[in-house]
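Just query24.csv here, CSV, C-alpha atoms:
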```csv
chain,number,residue,atom,x,y,z
A,181,MET,CA,55.0,-27.6,78.1
A,182,THR,CA,56.9,-27.5,74.8
A,183,PRO,CA,59.5,-30.3,74.4
A,184,ARG,CA,63.1,-29.0,74.7
A,185,LYS,CA,66.1,-29.9,72.6
A,186,LEU,CA,69.5,-31.0,73.9
A,187,ASN,CA,71.8,-28.1,74.6
A,188,ASN,CA,74.3,-29.2,72.0
A,189,SER,CA,74.6,-26.1,69.9
A,190,TYR,CA,74.5,-22.3,70.6
A,191,LEU,CA,71.2,-22.2,68.7
A,192,ASN,CA,69.6,-25.0,70.7
A,193,VAL,CA,70.4,-23.1,73.9
A,194,VAL,CA,68.7,-20.1,72.4
A,195,GLU,CA,65.6,-22.1,71.4
A,196,ASN,CA,65.3,-23.6,74.9
A,197,VAL,CA,65.7,-20.4,76.7
A,198,TRP,CA,63.3,-18.6,74.4
A,199,THR,CA,60.6,-21.2,74.9
A,200,THR,CA,60.9,-21.2,78.7
A,201,PHE,CA,60.8,-17.4,78.7
A,202,LYS,CA,57.6,-17.3,76.7
A,203,GLU,CA,56.0,-19.8,79.1
A,204,ASN,CA,56.8,-17.8,82.2
A,205,HIS,CA,56.7,-14.1,81.4
A,206,PRO,CA,54.4,-11.4,79.8
A,207,TRP,CA,55.4,-9.2,77.0
A,208,ASN,CA,54.7,-5.8,78.5
A,209,THR,CA,58.2,-5.4,80.2
A,210,TYR,CA,61.4,-3.9,78.9
A,211,ALA,CA,63.1,-7.2,79.7
A,212,SER,CA,60.8,-8.8,77.2
A,213,ILE,CA,61.7,-6.3,74.6
A,214,LEU,CA,65.4,-7.2,75.1
A,215,ALA,CA,64.5,-10.9,74.7
A,216,LEU,CA,62.6,-10.2,71.5
A,217,SER,CA,65.4,-8.0,70.2
A,218,ALA,CA,67.9,-10.8,70.6
A,219,TYR,CA,65.6,-13.4,69.0
A,220,GLU,CA,64.7,-11.5,65.9
A,221,ARG,CA,68.3,-10.7,65.1
A,222,ILE,CA,69.0,-14.5,65.1
A,223,GLY,CA,66.2,-14.9,62.6
A,224,LYS,CA,67.8,-12.5,60.3
A,225,PHE,CA,71.3,-13.8,60.2
A,226,GLU,CA,70.1,-17.4,60.1
A,227,ASN,CA,67.6,-16.5,57.4
A,228,ASN,CA,65.0,-18.3,59.4
A,229,GLN,CA,61.6,-17.2,58.3
A,230,THR,CA,59.8,-18.9,61.2
A,231,ILE,CA,61.7,-16.9,63.8
A,232,LEU,CA,61.2,-13.7,61.8
A,233,ASN,CA,57.5,-14.3,61.4
A,234,GLU,CA,57.1,-15.0,65.1
A,235,SER,CA,59.1,-11.9,66.0
A,236,VAL,CA,57.1,-9.6,63.7
A,237,ALA,CA,53.8,-11.0,65.1
A,238,ILE,CA,54.9,-10.2,68.6
A,239,ALA,CA,56.0,-6.7,67.6
A,240,ARG,CA,52.7,-6.0,65.8
A,241,ASP,CA,50.9,-6.6,69.1
A,242,PHE,CA,52.9,-3.7,70.5
A,243,ILE,CA,52.2,-1.4,67.5
A,244,ASN,CA,48.5,-2.4,67.5
A,245,GLY,CA,48.1,-1.3,71.1
A,246,LYS,CA,47.7,-4.7,72.8
A,247,TYR,CA,49.8,-3.6,75.8
A,248,THR,CA,48.1,-0.6,77.4
A,249,LYS,CA,49.9,-1.0,80.8
A,250,PHE,CA,53.6,-0.8,80.6
A,251,GLY,CA,56.1,-0.3,83.4
A,252,GLY,CA,59.4,1.5,83.3
A,253,ALA,CA,60.3,5.1,82.8
A,254,TYR,CA,60.0,4.9,79.0
A,255,GLY,CA,56.8,2.9,79.0
A,256,ARG,CA,54.5,5.6,77.6
A,257,TYR,CA,57.1,6.9,75.2
A,258,ILE,CA,58.6,3.9,73.4
A,259,TYR,CA,58.2,0.6,75.4
A,260,HIS,CA,54.5,0.3,74.6
A,261,LEU,CA,55.5,0.3,70.9
A,262,GLY,CA,58.0,-2.5,71.4
A,263,GLY,CA,61.0,-0.2,71.8
A,264,SER,CA,64.2,-1.2,70.2
A,265,ALA,CA,62.8,-4.6,69.1
A,266,THR,CA,60.2,-2.9,66.8
A,267,ALA,CA,62.6,-0.2,65.7
A,268,TRP,CA,65.2,-2.8,64.6
A,269,LEU,CA,62.6,-4.7,62.6
A,270,PHE,CA,61.5,-1.5,61.0
A,271,ALA,CA,65.1,-0.5,60.2
A,272,ARG,CA,65.7,-3.8,58.6
A,273,GLY,CA,62.6,-3.6,56.4
A,274,PHE,CA,60.4,-6.1,58.2
A,275,MET,CA,57.7,-3.7,59.6
A,276,PRO,CA,57.2,-0.7,57.4
A,277,GLU,CA,53.8,-0.2,58.9
A,278,ALA,CA,55.4,0.8,62.2
A,279,LYS,CA,57.0,4.0,60.8
A,280,GLU,CA,54.6,6.7,61.9
A,281,LYS,CA,54.0,5.4,65.4
A,282,LEU,CA,57.7,4.9,66.0
A,283,ILE,CA,58.4,8.5,64.8
A,284,SER,CA,55.6,9.8,67.1
A,285,GLY,CA,57.1,8.0,70.1
A,286,ALA,CA,60.6,9.2,69.3
A,287,GLU,CA,59.4,12.8,69.0
A,288,MET,CA,57.6,12.7,72.3
A,289,LEU,CA,60.7,11.2,73.9
A,290,ILE,CA,63.2,13.8,72.7
A,291,ASN,CA,60.9,16.7,73.2
A,292,GLU,CA,59.3,15.8,76.6
A,293,PHE,CA,61.4,13.5,78.6
A,294,PRO,CA,62.8,15.3,81.7
A,295,LEU,CA,66.5,16.2,81.8
A,296,SER,CA,69.0,16.5,84.6
A,297,THR,CA,70.9,19.7,85.2
A,298,ASP,CA,73.7,18.4,82.9
A,299,GLY,CA,71.4,17.3,80.1
A,300,ALA,CA,71.0,13.6,80.8
A,301,TYR,CA,67.6,11.9,80.8
A,302,LYS,CA,66.6,11.6,84.4
A,303,PHE,CA,64.1,9.3,86.1
A,304,PRO,CA,60.7,11.0,86.0
A,305,ASN,CA,58.3,11.3,89.0
A,306,LYS,CA,61.2,11.3,91.5
A,307,GLU,CA,61.8,14.0,94.0
A,308,GLN,CA,65.6,13.3,93.7
A,309,GLU,CA,67.5,13.8,90.5
A,310,LEU,CA,68.4,10.3,89.3
A,311,VAL,CA,70.3,9.5,86.2
A,312,TRP,CA,70.7,5.8,85.4
A,313,VAL,CA,72.7,3.8,83.0
A,314,ASP,CA,69.8,1.7,81.9
A,315,SER,CA,68.8,4.5,79.6
A,316,LEU,CA,71.6,3.6,77.2
A,317,PHE,CA,69.9,0.3,76.5
A,318,ALA,CA,66.5,1.7,76.5
A,319,ILE,CA,66.7,4.7,74.2
A,320,CYS,CA,70.0,4.9,72.3
A,321,PRO,CA,69.7,2.0,69.9
A,322,PHE,CA,66.0,2.9,69.3
A,323,LEU,CA,66.8,6.4,68.3
A,324,VAL,CA,69.8,5.4,66.1
A,325,TRP,CA,67.9,2.7,64.2
A,326,LEU,CA,64.9,5.0,63.6
A,327,GLY,CA,66.9,8.1,62.9
A,328,GLU,CA,69.2,6.5,60.4
A,329,SER,CA,66.2,4.7,58.7
A,330,VAL,CA,64.0,7.8,58.2
A,331,GLY,CA,66.7,10.5,57.8
A,332,ARG,CA,65.9,12.2,61.2
A,333,LYS,CA,69.3,13.6,62.2
A,334,ASP,CA,67.7,14.9,65.5
A,335,PHE,CA,66.9,11.3,66.6
A,336,THR,CA,70.5,10.1,65.9
A,337,ASP,CA,72.1,13.1,67.4
A,338,ALA,CA,69.9,12.7,70.6
A,339,ALA,CA,71.1,9.1,70.9
A,340,ILE,CA,74.8,10.0,70.6
A,341,ASP,CA,74.5,13.0,72.8
A,342,GLN,CA,72.8,11.0,75.6
A,343,LEU,CA,75.4,8.2,75.3
A,344,LEU,CA,78.2,10.7,75.7
A,345,ILE,CA,76.5,12.7,78.5
A,346,HIS,CA,75.9,9.4,80.4
A,347,HIS,CA,79.4,8.3,79.7
A,348,LYS,CA,80.7,11.6,81.2
A,349,ILE,CA,78.5,11.3,84.3
A,350,LEU,CA,78.6,7.5,85.0
A,351,PHE,CA,81.8,6.1,83.5
A,352,ASN,CA,84.7,5.7,86.0
A,353,PRO,CA,87.9,6.3,84.1
A,354,GLU,CA,90.1,4.6,86.7
A,355,LEU,CA,88.0,1.4,86.9
A,356,LYS,CA,86.8,1.7,83.3
A,357,LEU,CA,83.4,0.7,84.5
A,358,TYR,CA,80.0,2.3,84.7
A,359,HIS,CA,78.3,3.2,87.9
A,360,GLN,CA,74.6,2.3,87.6
A,361,ALA,CA,73.2,5.6,88.8
A,362,ARG,CA,73.8,9.1,90.2
A,363,ARG,CA,71.2,10.2,92.7
A,364,ASP,CA,71.4,13.7,94.0
A,365,GLY,CA,75.1,13.9,93.1
A,366,LYS,CA,76.0,10.5,94.7
A,367,LEU,CA,77.3,7.7,92.4
A,368,SER,CA,76.3,4.1,93.0
A,369,ALA,CA,78.6,1.1,92.9
A,370,CYS,CA,79.4,-0.6,89.5
A,371,TRP,CA,76.4,-2.9,89.3
A,372,GLY,CA,76.9,-5.8,86.8
A,373,ARG,CA,73.8,-5.5,84.7
A,374,GLY,CA,74.2,-1.8,84.7
A,375,VAL,CA,77.6,-2.2,83.1
A,376,GLY,CA,76.0,-4.7,80.7
A,377,TRP,CA,73.3,-2.2,79.7
A,378,ALA,CA,75.9,0.4,78.7
A,379,ILE,CA,78.0,-2.0,76.7
A,380,TYR,CA,74.9,-3.4,75.0
A,381,GLY,CA,73.7,0.1,74.0
A,382,MET,CA,77.1,0.9,72.4
A,383,ALA,CA,77.3,-2.6,70.7
A,384,GLU,CA,73.9,-2.0,69.1
A,385,MET,CA,74.6,1.6,68.0
A,386,THR,CA,78.0,1.2,66.3
A,387,TYR,CA,77.0,-0.9,63.3
A,388,ASP,CA,74.5,1.6,62.1
A,389,LEU,CA,76.8,4.5,62.8
A,390,ARG,CA,79.8,2.9,61.0
A,391,ASN,CA,79.7,5.6,58.3
A,392,HIS,CA,78.5,8.4,60.6
A,393,GLU,CA,80.8,11.4,61.3
A,394,ARG,CA,80.5,10.8,65.0
A,395,PHE,CA,81.2,7.1,64.9
A,396,GLU,CA,84.6,7.3,66.6
A,397,GLU,CA,83.0,9.1,69.6
A,398,VAL,CA,80.8,6.1,70.3
A,399,ALA,CA,83.4,3.5,69.3
A,400,SER,CA,86.0,5.1,71.7
A,401,ALA,CA,83.6,4.8,74.6
A,402,TYR,CA,82.8,1.3,73.6
A,403,ARG,CA,86.4,0.2,73.5
A,404,ASP,CA,87.0,1.8,76.9
A,405,ALA,CA,84.1,-0.2,78.4
A,406,ILE,CA,85.4,-3.4,76.8
A,407,ASP,CA,88.9,-2.8,78.4
A,408,GLY,CA,87.3,-2.3,81.8
A,409,CYS,CA,85.2,-5.5,81.5
A,410,LEU,CA,88.2,-7.5,80.4
A,411,ALA,CA,90.1,-6.4,83.5
A,412,TRP,CA,87.4,-7.6,85.8
A,413,GLN,CA,86.3,-10.9,84.2
A,414,ASP,CA,86.8,-13.8,86.6
A,415,GLU,CA,88.7,-17.0,85.8
A,416,ASP,CA,85.5,-18.8,84.8
A,417,GLY,CA,84.7,-16.1,82.3
A,418,LEU,CA,81.9,-14.6,84.5
A,419,PHE,CA,81.0,-11.1,85.6
A,420,HIS,CA,79.8,-10.4,89.1
A,421,GLN,CA,76.9,-8.5,90.7
A,422,ILE,CA,79.5,-5.8,91.6
A,423,VAL,CA,81.9,-6.1,88.6
A,424,ASN,CA,85.0,-5.0,90.5
A,425,ASP,CA,84.2,-7.0,93.6
A,426,HIS,CA,84.5,-10.8,93.1
A,427,SER,CA,83.2,-11.4,96.7
A,428,SER,CA,79.8,-10.5,95.2
A,429,TYR,CA,78.0,-13.3,93.4
A,430,ALA,CA,78.6,-14.2,89.7
A,431,GLU,CA,75.6,-12.9,87.9
A,432,SER,CA,74.1,-14.3,84.7
A,433,SER,CA,72.5,-11.2,83.1
A,434,ALA,CA,75.7,-9.1,83.5
A,435,THR,CA,77.7,-11.9,82.0
A,436,GLY,CA,75.4,-12.3,79.0
A,437,LEU,CA,75.2,-8.6,78.2
A,438,ILE,CA,78.9,-8.0,78.5
A,439,LEU,CA,79.7,-11.1,76.4
A,440,TYR,CA,77.3,-9.8,73.8
A,441,GLY,CA,79.3,-6.6,73.7
A,442,PHE,CA,82.5,-8.6,73.2
A,443,GLY,CA,81.0,-10.6,70.4
A,444,ARG,CA,79.4,-7.6,68.5
A,445,ALA,CA,82.8,-5.8,68.8
A,446,VAL,CA,84.4,-8.7,66.9
A,447,LYS,CA,81.7,-9.1,64.4
A,448,ASN,CA,81.6,-5.3,63.6
A,449,GLN,CA,85.4,-4.9,63.8
A,450,ILE,CA,85.4,-2.5,66.7
A,451,VAL,CA,88.2,-4.4,68.3
A,452,ALA,CA,90.6,-7.1,67.1
A,453,ARG,CA,89.3,-10.7,67.3
A,454,GLU,CA,92.3,-11.7,69.3
A,455,LYS,CA,91.6,-9.2,72.1
A,456,VAL,CA,88.3,-10.9,73.2
A,457,TYR,CA,88.4,-14.3,71.6
A,458,GLU,CA,89.5,-16.3,74.6
A,459,PRO,CA,87.5,-14.1,77.1
A,460,PHE,CA,84.4,-14.5,75.0
A,461,LEU,CA,84.7,-18.3,74.7
A,462,ARG,CA,85.6,-18.6,78.4
A,463,GLY,CA,82.5,-16.6,79.3
A,464,ILE,CA,80.1,-18.5,77.1
A,465,LYS,CA,81.4,-21.8,78.6
A,466,GLY,CA,81.0,-20.3,82.1
A,467,LEU,CA,77.5,-18.9,81.4
A,468,THR,CA,76.3,-22.4,80.7
A,469,ARG,CA,76.4,-23.2,84.4
A,470,PHE,CA,73.4,-20.9,84.8
A,471,ILE,CA,71.3,-22.5,82.0
A,472,GLY,CA,69.2,-25.5,82.8
A,473,LEU,CA,68.3,-28.3,80.3
A,474,ASP,CA,64.8,-27.0,80.3
A,475,GLY,CA,65.9,-23.5,79.3
A,476,SER,CA,65.7,-22.0,82.8
A,477,VAL,CA,68.3,-19.3,83.7
A,478,SER,CA,69.5,-18.9,87.3
A,479,ASP,CA,71.5,-16.4,89.3
A,480,CYS,CA,70.0,-13.3,87.8
A,481,CYS,CA,69.6,-10.2,89.9
A,482,CYS,CA,66.0,-9.1,90.2
A,483,GLY,CA,64.9,-5.6,89.4
A,484,CYS,CA,67.4,-3.1,90.8
A,485,LEU,CA,67.7,0.7,90.7
A,486,MET,CA,70.3,2.0,93.1
A,487,PRO,CA,69.1,0.1,96.2
A,488,LYS,CA,69.2,2.1,99.4
A,489,GLU,CA,72.4,4.1,99.3
A,490,GLY,CA,73.8,2.3,96.3
A,491,THR,CA,76.8,1.0,98.1
A,492,VAL,CA,78.7,-2.2,97.3
A,493,GLU,CA,77.0,-3.9,100.2
A,494,ASP,CA,73.5,-2.7,99.2
A,495,TYR,CA,74.0,-4.4,95.8
A,496,LYS,CA,75.7,-7.5,97.2
A,497,VAL,CA,72.7,-8.5,99.3
A,498,HIS,CA,70.2,-7.7,96.5
A,499,PRO,CA,68.7,-11.1,95.7
A,500,ARG,CA,69.3,-13.3,92.7
A,501,GLN,CA,66.6,-15.5,91.2
A,502,ILE,CA,65.9,-18.3,88.8
A,503,ASN,CA,63.9,-17.3,85.7
A,504,ASP,CA,63.6,-13.7,86.7
A,505,VAL,CA,62.1,-11.7,83.9
A,506,HIS,CA,65.6,-10.1,83.3
A,507,ALA,CA,67.3,-13.5,83.0
A,508,ALA,CA,66.6,-14.8,79.5
A,509,GLY,CA,67.3,-11.7,77.3
A,510,PRO,CA,71.0,-11.5,78.1
A,511,VAL,CA,71.5,-15.2,77.5
A,512,LEU,CA,69.7,-15.0,74.2
A,513,CYS,CA,72.0,-12.1,73.3
A,514,ALA,CA,75.2,-13.9,74.2
A,515,PHE,CA,74.4,-17.3,72.7
A,516,GLY,CA,72.8,-15.7,69.6
A,517,GLN,CA,75.9,-13.7,69.0
A,518,ALA,CA,78.0,-16.9,69.6
A,519,GLU,CA,75.9,-18.6,66.9
A,520,GLN,CA,76.5,-15.8,64.5
A,521,LEU,CA,80.3,-15.9,65.1
A,522,TYR,CA,80.3,-19.6,64.6
A,523,HIS,CA,78.2,-19.2,61.4
A,524,ASN,CA,80.9,-16.8,60.2
A,525,LYS,CA,83.7,-19.3,61.2
A,526,LEU,CA,85.1,-17.0,63.9
A,527,ILE,CA,84.7,-19.3,66.9
A,528,PRO,CA,84.4,-23.1,67.3
A,529,SER,CA,81.1,-25.0,67.6
A,530,PHE,CA,79.4,-25.3,71.0
A,531,GLU,CA,80.3,-29.0,71.1
A,532,GLU,CA,84.0,-28.2,70.5
A,533,LEU,CA,83.9,-25.5,73.1
A,534,MET,CA,82.4,-27.7,75.8
A,535,THR,CA,84.4,-30.8,75.1
A,536,GLY,CA,87.7,-29.3,74.2
A,537,LYS,CA,87.9,-31.4,71.0
```
Take the structure in the file and write it out as structure tokens.
Amino acid sequence: MTPRKLNNSYLNVVENVWTTFKENHPWNTYASILALSAYERIGKFENNQTILNESVAIARDFINGKYTKFGGAYGRYIYHLGGSATAWLFARGFMPEAKEKLISGAEMLINEFPLSTDGAYKFPNKEQELVWVDSLFAICPFLVWLGESVGRKDFTDAAIDQLLIHHKILFNPELKLYHQARRDGKLSACWGRGVGWAIYGMAEMTYDLRNHERFEEVASAYRDAIDGCLAWQDEDGLFHQIVNDHSSYAESSATGLILYGFGRAVKNQIVAREKVYEPFLRGIKGLTRFIGLDGSVSDCCCGCLMPKEGTVEDYKVHPRQINDVHAAGPVLCAFGQAEQLYHNKLIPSFEELMTGK
């Protein structure tokens, strides 16, 4: 086992969680793509060539066909290529060799993936019509990064269209929260990681769309989602398995993804720093309760797609685990974003946050 560092900086937390994740999980999952996406971004803003080299090497395994079996609805379309993790590296100039395979995957996605009656991507191979919010994480950043990099307006438009269609279907304007799914016309409860998937997708899209004619459409939905999350954050800074039901358990992956959305909104000037400064710091401090000294992450809901009838109770009893495959990526996102904000002198150091000095 690789020796761990003390958790005395945002970056050390990232390094410990990343190391433990690699020791416990395979790469051929969409949750692993999320973890890689978070890690490679840190390498860029830290100008850390070691992190970037490791990230590119992992992404090349995807592009070179190492992972022939890949779960998830988007497995044969883009996950097997490394999904958003590879697309981001390509868009930032680190993997030019990935271009043709990424374009091929995107073309197959937008031309072949099944659509619901109202035009949203729907879960394939299901008798019921199921639209789920996870798609906003899975496809929208991928299509934006690739579309803007290679001048494919159809890719970018597909990403924005899918975001707005899903927003219309799944966003609850009264709660300002996303339902995870709609199955045969019935909406699920507002599952924590599902809300996180949506806010993550918008957080990733907005930077590359900052000069796009449809930027404000995405930014407006993003701001609404932030407002909803702020209203339901608990006193410890955490978000729960059911975001609007604090009798459900506080859940680490929802917390990490939503905090990432807060931090990116500050960094990219989507909202004023003052709006989310205290909630972001309170959340980072609260999230540390789920992170072990060895980089383990606890209290993460295991895989979950509208369980049973999708009621509040159905989600509340869905189990949480330690070092679930979904656990590390959201923490890497949140603490990586905290490191960038600290690097830009926008928040205090980890030590100052934890000690109050």
Separation of atom CA of His420 of chain A from atom CA of Gly463 of chain A in Å: 11.9 Å
Within 6 Å of segment 275-292 of chain A, counting all atoms listed in the file, which residues show up once you throw out same-chain ones fewer than 3 positions away? Write them as a ChimeraX atom specification, please. /A:257-258,269-270
For the atom pair atom CA of Cys370 of chain A and atom CA of Glu458 of chain A, what is the interatomic distance in Å to one decimal place? 23.9 Å
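The space between atom CA of Leu473 of chain A and atom CA of Asn187 of chain A spans 6.7 Å.
For Arg362 of chain A, the residues within 8 Å (counting all atoms listed in the file, excluding itself and residues fewer than 6 positions away along the chain) are Glu309, Leu310, Val311, Trp312, Ile349, Leu350 and Ser368 of chain A.
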Selection near Gly490 of chain A, 9 Å with all atoms listed in the file, sequence-local residues under 2 positions removed, as a ChimeraX atom specification: /A:360-361,366-369,485-488,492-495
Which residues of segment 297-397 of chain A sit at most 12 Å from segment 430-449 of chain A, using all atoms listed in the file? Give each one's shortest atom pair and distance in Å (one decimal place), in chain and ascending residue order, as CSV.
```
residue,atom,partner,partner_atom,distance
A:Phe317,CA,A:Leu437,CA,10.5
A:Leu357,CA,A:Ile438,CA,11.5
A:Cys370,CA,A:Ala434,CA,11.0
A:Trp371,CA,A:Ala434,CA,8.5
A:Gly372,CA,A:Ala434,CA,4.8
A:Arg373,CA,A:Ala434,CA,4.2
A:Gly374,CA,A:Ala434,CA,7.5
A:Val375,CA,A:Ala434,CA,7.2
A:Gly376,CA,A:Leu437,CA,4.7
A:Trp377,CA,A:Leu437,CA,6.8
A:Ala378,CA,A:Ile438,CA,8.9
A:Ile379,CA,A:Gly441,CA,5.6
A:Tyr380,CA,A:Gly441,CA,5.6
A:Gly381,CA,A:Gly441,CA,8.7
A:Met382,CA,A:Gly441,CA,7.9
A:Ala383,CA,A:Gly441,CA,5.4
A:Glu384,CA,A:Arg444,CA,7.9
A:Met385,CA,A:Arg444,CA,10.4
A:Thr386,CA,A:Asn448,CA,7.9
A:Tyr387,CA,A:Asn448,CA,6.4
A:Asp388,CA,A:Asn448,CA,10.0
A:Leu389,CA,A:Asn448,CA,10.9
A:Arg390,CA,A:Asn448,CA,8.8
```
Determine the nearest neighbour of Ala507 of chain A from the options A:Ser235, A:Ala215, A:Thr199, A:Gly327, counting only C-alpha atoms.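 Checking each of A:Ser235, A:Ala215, A:Thr199, A:Gly327 against Ala507 of chain A, counting only C-alpha atoms, the winner is A:Ala215.
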Could you check the closest approach to Val194 of chain A for each of A:Ile319, A:Val497, A:Ala518, A:Ala211 and tell me which residue wins, using all atoms listed in the file?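 Smallest distance to Val194 of chain A is found for A:Ala518.
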